[in-house]
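Q: I am attaching a structure below and will ask some questions about it afterwards.
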Amino acid sequence: MGINSIGKIFMPKNKVFYELFEQVVDTVAEMGGLLKKLVAEPDYDKRAAIIKQIEDLEHRNDDHTHRIFTELGRNFITPFDREDVHYLATSLDDIADFIYASAKKINFYHVNPNDSGIQKLTDLIEQGSAEIKIAVYGLRDMKDLRKMTEALVKVNSVENQADDVFDLSIERLFEMENDAKEVIKKREIYQVLEIATDKCEDAANVIESIIIKYA
């Protein structure tokens with residue numbers, strides 16, 4: 001048994017949740033970065049390789065999330081309300097799911113990601129996931145509430161910007177695109193990308209609720 005494994009045995013049970021949440025949010029933020037890399041890649045086959053990386057991270061995230069639920073059923077001591085532990089784990093998992101869904105649809109539909117709407121929305125997803133990471137890491141000791149709050153405000157701003165980008169992209173799509181199939185494909189991709197930003201905001205709302213209760 002390694003030193004790290006021995007350390008986990010003696011780790012206070014409520015600390016296990018912080019570690020798991022940090023592992024989850026690390027994965028989510030990495031997926032956000034890879035999604036941005038994906039839409040900057042013009043080659044279909046190279047995009048497929050990036051999607052495989054995103055898929056592997058999504059599966060890893062599922063394992064981390066399952067571990068949180070297992071620990072929740074096993075331990076009486078949690079760092080905050082059991083309901084909030086469940087909500088936060090679920091909301092972070094949702095971000096990962098929609099990032100992966102977005103990546104899959106881009107190649108599945110053979111859509112050229114060099115599109116202003118897709119580019120802007122993936123930028124916002126990367127920003128939102130990075131800010132969520134800052135907020136989640138702050139939960140361990142809640143010593144820098146200002147930094148956490150600023151991150152949450154930025155997530156809300158990202159979601160508002162994504163709504164505007166989505167609306168403008170749909171409007172432009174119907175004005176400029178004559179191919180009905182392309183309209184359907186791009187509209188669906190825009191929708192999934194925009195939902196990913198919604199899920200970032202959902203996670204931010206859970207964290208805000210935890211701060212209000214326990215800070």
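Convention: chains lettered A, B, ... in structure tokens order; per-chain residue numbering from 1; ligands numbered from 1 as shown.
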Please provide the set of residues having any atom within 6 Å of Thr197 of chain A, restricted to only C-alpha atoms, with same-chain residues fewer than 2 positions apart removed, written as a PyMOL selection string.

A: chain A and resi 125+159+194-195+199-200

Q: Can you tell me, as a ChimeraX atom specification, what residues are no more than 12 Å from Leu72 of chain A when counting only C-alpha atoms, ignoring any on the same chain fewer than 5 positions away?

A: /A:13-14,16-17,20,65-67,77-87,89

Q: Compile a residue-level contact table for segment 76-194 of chain A against segment 38-60 of chain A at a cut-off of 12 Å, reporting for every qualifying residue the shortest atom pair and its distance in Å to one decimal, with only C-alpha atoms counted, rows ordered by chain and ascending number, as a Markdown table.

A:
```
| residue | atom | partner | partner_atom | distance |
| --- | --- | --- | --- | --- |
| A:Leu92 | CA | A:Glu58 | CA | 11.1 |
| A:Asp93 | CA | A:Glu58 | CA | 8.5 |
| A:Asp94 | CA | A:Glu58 | CA | 10.2 |
| A:Ile95 | CA | A:Glu58 | CA | 9.8 |
| A:Ala96 | CA | A:Glu58 | CA | 6.1 |
| A:Asp97 | CA | A:Glu58 | CA | 6.9 |
| A:Phe98 | CA | A:Glu58 | CA | 9.8 |
| A:Ile99 | CA | A:Ile54 | CA | 8.2 |
| A:Tyr100 | CA | A:Ile54 | CA | 6.2 |
| A:Ala101 | CA | A:Glu55 | CA | 9.3 |
| A:Ser102 | CA | A:Ile51 | CA | 9.7 |
| A:Ala103 | CA | A:Ile51 | CA | 6.1 |
| A:Lys104 | CA | A:Ile51 | CA | 6.8 |
| A:Lys105 | CA | A:Ile51 | CA | 10.1 |
| A:Ile106 | CA | A:Val39 | CA | 8.5 |
| A:Asn107 | CA | A:Tyr44 | CA | 7.0 |
| A:Phe108 | CA | A:Ala48 | CA | 9.6 |
| A:Tyr109 | CA | A:Tyr44 | CA | 11.1 |
| A:His110 | CA | A:Tyr44 | CA | 7.9 |
| A:Val111 | CA | A:Tyr44 | CA | 9.5 |
| A:Asn112 | CA | A:Pro42 | CA | 7.4 |
| A:Pro113 | CA | A:Val39 | CA | 5.1 |
| A:Asn114 | CA | A:Val39 | CA | 6.7 |
| A:Asp115 | CA | A:Val39 | CA | 8.8 |
| A:Ser116 | CA | A:Val39 | CA | 10.4 |
| A:Gly117 | CA | A:Val39 | CA | 11.0 |
| A:Ile118 | CA | A:Val39 | CA | 7.6 |
| A:Gln119 | CA | A:Val39 | CA | 6.7 |
| A:Lys120 | CA | A:Val39 | CA | 10.1 |
| A:Leu121 | CA | A:Val39 | CA | 10.4 |
| A:Thr122 | CA | A:Val39 | CA | 7.8 |
| A:Asp123 | CA | A:Val39 | CA | 9.7 |
| A:Glu126 | CA | A:Leu38 | CA | 11.8 |
| A:Ile189 | CA | A:Val39 | CA | 12.0 |
| A:Leu193 | CA | A:Val39 | CA | 11.9 |
```

Q: Nearest residue to Lys185 of chain A out of A:Ala204, A:Asp26, A:Ser157, A:Ile170, using only C-alpha atoms?

A: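 Comparing A:Ala204, A:Asp26, A:Ser157, A:Ile170 against Lys185 of chain A, the winner is A:Ile170.
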
Q: Which value, in Å to one decimal, gives the distance between atom CA of Gln23 of chain A and atom CA of Val155 of chain A?

A: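 Atom-to-atom, atom CA of Gln23 of chain A and atom CA of Val155 of chain A are spaced 19.7 Å apart.
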
Q: Would you compute the distance between atom CA of Glu150 of chain A and atom CA of Ala162 of chain A? Give it in Å to one decimal.

A: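 Taking atom CA of Glu150 of chain A as the start and atom CA of Ala162 of chain A as the end point, the length is 18.3 Å.
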
Q: Give me, please, the distance in Å between atom CA of Thr90 of chain A and atom CA of Ile211 of chain A, quoted to one decimal.

A: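 Going from atom CA of Thr90 of chain A over to atom CA of Ile211 of chain A covers 17.7 Å.
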
Q: Considering only alpha helix (DSSP H) as DSSP defines it on the backbone, what residues of segment 38-187 of chain A qualify? List them as a ChimeraX atom specification.

A: /A:38-39,44-74,82-108,116-138,145-176,180-187

Q: Could those selected residues go to a file with C-alpha atoms, as a compact mmCIF listing (two decimals), in the first residue's frame?

A:
```txt
# COMPACT_ATOMS: atom_id res chain seq x y z
CA LEU A 38 -11.14 21.04 -30.57
CA VAL A 39 -12.93 23.90 -32.31
CA TYR A 44 -11.49 16.10 -38.80
CA ASP A 45 -9.23 13.19 -37.76
CA LYS A 46 -7.26 15.33 -35.33
CA ARG A 47 -10.53 16.55 -33.84
CA ALA A 48 -11.54 12.90 -33.38
CA ALA A 49 -8.39 12.33 -31.31
CA ILE A 50 -9.24 15.31 -29.10
CA ILE A 51 -12.79 14.02 -28.68
CA LYS A 52 -11.35 10.72 -27.48
CA GLN A 53 -9.41 12.66 -24.81
CA ILE A 54 -12.61 14.43 -23.77
CA GLU A 55 -14.45 11.09 -23.67
CA ASP A 56 -11.78 9.56 -21.42
CA LEU A 57 -12.03 12.53 -19.07
CA GLU A 58 -15.82 12.27 -19.03
CA HIS A 59 -15.56 8.62 -17.99
CA ARG A 60 -13.02 9.55 -15.32
CA ASN A 61 -15.40 12.21 -14.08
CA ASP A 62 -18.21 9.64 -13.86
CA ASP A 63 -15.96 7.52 -11.64
CA HIS A 64 -15.20 10.47 -9.36
CA THR A 65 -18.89 11.38 -9.15
CA HIS A 66 -19.84 7.81 -8.34
CA ARG A 67 -17.22 7.82 -5.58
CA ILE A 68 -18.80 10.96 -4.09
CA PHE A 69 -22.19 9.26 -4.01
CA THR A 70 -20.63 6.15 -2.47
CA GLU A 71 -18.93 8.22 0.24
CA LEU A 72 -22.19 10.06 0.83
CA GLY A 73 -23.95 6.79 1.55
CA ARG A 74 -21.10 5.51 3.71
CA ARG A 82 -25.78 15.94 2.30
CA GLU A 83 -28.30 17.46 -0.09
CA ASP A 84 -25.77 20.12 -1.13
CA VAL A 85 -23.06 17.49 -1.61
CA HIS A 86 -25.41 15.64 -3.95
CA TYR A 87 -26.47 18.80 -5.81
CA LEU A 88 -22.89 19.96 -6.34
CA ALA A 89 -21.71 16.56 -7.57
CA THR A 90 -24.64 16.35 -9.97
CA SER A 91 -24.21 19.88 -11.31
CA LEU A 92 -20.48 19.39 -11.96
CA ASP A 93 -21.19 16.09 -13.68
CA ASP A 94 -23.76 17.84 -15.89
CA ILE A 95 -21.13 20.33 -17.10
CA ALA A 96 -18.87 17.45 -18.12
CA ASP A 97 -21.74 15.64 -19.86
CA PHE A 98 -22.67 18.63 -21.99
CA ILE A 99 -19.07 19.45 -22.89
CA TYR A 100 -18.67 15.88 -24.13
CA ALA A 101 -22.03 16.01 -25.96
CA SER A 102 -20.96 19.23 -27.69
CA ALA A 103 -17.68 17.72 -28.82
CA LYS A 104 -19.37 14.61 -30.19
CA LYS A 105 -21.98 16.54 -32.16
CA ILE A 106 -19.41 18.72 -33.92
CA ASN A 107 -17.73 15.72 -35.56
CA PHE A 108 -20.84 13.55 -35.79
CA SER A 116 -18.26 32.53 -34.81
CA GLY A 117 -21.12 31.20 -32.68
CA ILE A 118 -19.38 27.91 -31.92
CA GLN A 119 -16.07 29.66 -31.25
CA LYS A 120 -17.57 32.22 -28.88
CA LEU A 121 -19.65 29.68 -26.97
CA THR A 122 -16.67 27.35 -26.45
CA ASP A 123 -14.63 30.32 -25.20
CA LEU A 124 -17.37 31.00 -22.66
CA ILE A 125 -17.52 27.34 -21.60
CA GLU A 126 -13.78 27.35 -20.99
CA GLN A 127 -14.09 30.55 -18.93
CA GLY A 128 -17.05 29.24 -16.95
CA SER A 129 -15.42 25.91 -16.10
CA ALA A 130 -12.22 27.68 -15.02
CA GLU A 131 -14.17 29.99 -12.69
CA ILE A 132 -16.09 27.05 -11.24
CA LYS A 133 -12.74 25.41 -10.48
CA ILE A 134 -11.67 28.49 -8.50
CA ALA A 135 -14.93 28.46 -6.52
CA VAL A 136 -14.81 24.72 -5.75
CA TYR A 137 -11.21 24.92 -4.53
CA GLY A 138 -12.31 27.71 -2.21
CA LEU A 145 -14.78 34.42 0.10
CA ARG A 146 -14.12 37.46 -2.08
CA LYS A 147 -12.22 35.36 -4.62
CA MET A 148 -14.96 32.72 -4.59
CA THR A 149 -17.71 35.31 -4.98
CA GLU A 150 -15.90 37.02 -7.84
CA ALA A 151 -15.61 33.66 -9.60
CA LEU A 152 -19.34 33.01 -9.17
CA VAL A 153 -20.22 36.47 -10.50
CA LYS A 154 -18.05 35.78 -13.56
CA VAL A 155 -19.88 32.48 -14.13
CA ASN A 156 -23.22 34.31 -14.09
CA SER A 157 -21.81 36.85 -16.55
CA VAL A 158 -20.60 34.02 -18.79
CA GLU A 159 -24.08 32.50 -18.84
CA ASN A 160 -25.67 35.84 -19.74
CA GLN A 161 -23.15 36.35 -22.54
CA ALA A 162 -23.83 32.85 -23.81
CA ASP A 163 -27.55 33.61 -24.03
CA ASP A 164 -26.77 36.66 -26.19
CA VAL A 165 -24.32 34.74 -28.38
CA PHE A 166 -26.86 31.95 -28.83
CA ASP A 167 -29.63 34.35 -29.87
CA LEU A 168 -27.40 36.22 -32.32
CA SER A 169 -26.01 32.97 -33.74
CA ILE A 170 -29.50 31.58 -34.38
CA GLU A 171 -30.56 34.84 -35.99
CA ARG A 172 -27.49 34.87 -38.24
CA LEU A 173 -27.94 31.19 -39.06
CA PHE A 174 -31.45 31.70 -40.42
CA GLU A 175 -30.39 34.79 -42.34
CA MET A 176 -27.21 33.42 -43.93
CA ALA A 180 -31.81 23.34 -44.17
CA LYS A 181 -29.64 20.45 -42.98
CA GLU A 182 -26.87 22.82 -41.93
CA VAL A 183 -29.40 24.96 -40.09
CA ILE A 184 -30.61 21.95 -38.10
CA LYS A 185 -27.07 20.74 -37.34
CA LYS A 186 -25.69 24.09 -36.21
CA ARG A 187 -28.78 25.00 -34.21
```
